[in-house]
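Student: Dumping the structure here so I can ask a few things about it.
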Amino acid sequence: MMNVAGLQQRTGRYEFADGIRELQFAFWVLVTGFYGWVIWDMPDLWQPFAEWLRAQNAVVIIMLTFVLPIGIPLLISHLGMRWANEKLRRRWLWRTTGFIKAKPWLVPRRTLFASLTIMFAVFIAGILLAIQLRDASLIIRGIYVGTGFEFAYMWFAVANRFNLPRYRIVAMVGLASTLILALLPIRVGLFGLILSGFWGGLLVVSGLYAMRQTALEQKATADAS
Amino acid sequence: MQAEVQAITNIDRLIHEPARLAIIAVLSACESADFAALLHLTGLTKGNLSAQLQKLEEAEYITITKSFKERYPHTDCALTTAGRQAFRAYWQQVNALGKVITA
């Protein structure tokens, strides 16, 4: 009997095996970490701008506070992914193995729901701890730690679904670093920056390693044929 | 027992053939796949893959889009809604039969 599930798993693995998705995710992690750091630790940088913004009309306020900071990274991420698909994957990473267009929801919704539940549970724990210890920064810290746990769970779930041992390592290292960082007495903005920097760095290293491996495999296959 | 026999005879033979089942299994796990990816994943020969794709297209289970990418011919295949439904029905039948056989 044919292993239909195995074939489907190998097809789904295409999207994750070459490291591009990790690099895309790393980009988002680093961008949001940087925003968090600027908001929490650099009030001098944005407060005069916020004062000026308050005097503007609603369209300018929405444009400058939501559309530009989120829209530009979204555009970069989208164009970057398109470039990676056309230039890196077609020509280089998937040269001998062909091109697969992934489903829009590769990560099952159940996994996404579970990962969000983990994040909110830690966030709520942060709120309760903040009330108990009268320290408001614990709420923000709870969001960061919850996000770290969420990432770890998501990478682990994807690793199991598509049989990607590399993702398991990323999940475990990420989880351990989130736990260690959670216990260190660092300012909340800096905490977010270090956490996102660590996760981003981890994903960049993992992504580049995977890209290199894939490229070498493709070259070996092309040379052999 | 008659119902089980009926289920075996009702099975979608177009999908049941191993080469076509492999193609549909790959296409069910993605939006579309090109000819090279189907060759790589199914392990079929070019001729066999072409023939099976044609049969699936005739049954309207898949769509085949031919184009040129950097002056090279390029073939993309995707499962149609009918194909997806047929595969789902086939898989349910096979699972149900599996349960009957093991029982």
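Ligands are numbered from 1 in the order shown, residues from 1 within each chain, and chains are lettered A, B, ... in the order they appear in the structure tokens.
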Give the alpha helix (DSSP H) residues of region 27-98 of chain B, as DSSP finds them on the backbone, and put them as a PyMOL selection string.
Tutor: chain B and resi 27-28+35-42+46-58+81-98
Student: Give me the chain B side of the contact with chain A, cut-off 10 Å, one line per residue showing its nearest atom pair and distance in Å at one decimal, counting only C-alpha atoms, sorted by chain and residue number, as CSV.
Tutor:
residue,atom,partner,partner_atom,distance
B:Pro18,CA,A:Met2,CA,7.1
B:Ala19,CA,A:Met2,CA,9.6
B:Leu21,CA,A:Val4,CA,7.9
B:Ala22,CA,A:Val4,CA,6.9
B:Ile23,CA,A:Leu7,CA,9.2
B:Ile24,CA,A:Val4,CA,9.3
B:Ala25,CA,A:Gln8,CA,5.9
B:Val26,CA,A:Gln8,CA,5.5
B:Leu27,CA,A:Gln8,CA,8.2
B:Ser28,CA,A:Gln8,CA,7.3
B:Ala29,CA,A:Gln8,CA,5.2
B:Cys30,CA,A:Ala102,CA,4.8
B:Glu31,CA,A:Lys103,CA,5.0
B:Ser32,CA,A:Lys101,CA,5.1
B:Ala33,CA,A:Ile100,CA,4.4
B:Asp34,CA,A:Phe99,CA,5.5
B:Phe35,CA,A:Gly98,CA,7.0
B:Ala36,CA,A:Gly98,CA,4.3
B:Ala37,CA,A:Gly98,CA,3.8
B:Leu38,CA,A:Gly98,CA,7.5
B:Leu39,CA,A:Thr97,CA,8.1
B:His40,CA,A:Thr97,CA,5.6
B:Leu41,CA,A:Leu7,CA,7.2
B:Thr42,CA,A:Leu7,CA,7.9
B:Lys69,CA,A:Arg90,CA,9.8
B:Asp76,CA,A:Phe99,CA,8.8
B:Cys77,CA,A:Ile100,CA,9.7
B:Ala78,CA,A:Lys101,CA,9.5
B:Trp91,CA,A:Val4,CA,9.8
Student: Got time to write the residues from that selection, C-alpha atoms, as a PDB file, in the first residue's frame?
Tutor:
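Result file out.pdb:
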ATOM      1  CA  PRO B  18      -1.039   3.822  -7.639  1.00  0.00           C
ATOM      2  CA  ALA B  19       0.596   6.333  -9.999  1.00  0.00           C
ATOM      3  CA  LEU B  21      -2.973   8.170  -6.322  1.00  0.00           C
ATOM      4  CA  ALA B  22       0.582   9.409  -5.791  1.00  0.00           C
ATOM      5  CA  ILE B  23      -0.022  12.427  -8.047  1.00  0.00           C
ATOM      6  CA  ILE B  24      -3.271  13.303  -6.279  1.00  0.00           C
ATOM      7  CA  ALA B  25      -1.690  12.816  -2.837  1.00  0.00           C
ATOM      8  CA  VAL B  26       1.026  15.344  -3.741  1.00  0.00           C
ATOM      9  CA  LEU B  27      -1.433  17.823  -5.223  1.00  0.00           C
ATOM     10  CA  SER B  28      -3.751  17.504  -2.210  1.00  0.00           C
ATOM     11  CA  ALA B  29      -0.944  18.774   0.032  1.00  0.00           C
ATOM     12  CA  CYS B  30      -0.254  21.966  -1.945  1.00  0.00           C
ATOM     13  CA  GLU B  31      -1.872  24.631  -4.114  1.00  0.00           C
ATOM     14  CA  SER B  32       0.004  23.545  -7.222  1.00  0.00           C
ATOM     15  CA  ALA B  33       3.089  21.628  -8.255  1.00  0.00           C
ATOM     16  CA  ASP B  34       5.114  21.754 -11.427  1.00  0.00           C
ATOM     17  CA  PHE B  35       6.048  18.772 -13.566  1.00  0.00           C
ATOM     18  CA  ALA B  36       9.555  18.525 -12.077  1.00  0.00           C
ATOM     19  CA  ALA B  37       8.219  18.447  -8.507  1.00  0.00           C
ATOM     20  CA  LEU B  38       5.711  15.729  -9.385  1.00  0.00           C
ATOM     21  CA  LEU B  39       8.502  13.728 -11.043  1.00  0.00           C
ATOM     22  CA  HIS B  40      10.692  14.144  -7.976  1.00  0.00           C
ATOM     23  CA  LEU B  41       8.038  13.323  -5.390  1.00  0.00           C
ATOM     24  CA  THR B  42       6.216  10.471  -7.137  1.00  0.00           C
ATOM     25  CA  LYS B  69       9.563  30.493 -17.745  1.00  0.00           C
ATOM     26  CA  ASP B  76       1.885  23.511 -13.472  1.00  0.00           C
ATOM     27  CA  CYS B  77      -0.711  21.141 -12.086  1.00  0.00           C
ATOM     28  CA  ALA B  78      -3.366  21.763  -9.453  1.00  0.00           C
ATOM     29  CA  TRP B  91      -9.844   8.206   1.279  1.00  0.00           C
TER      30      TRP B  91
END
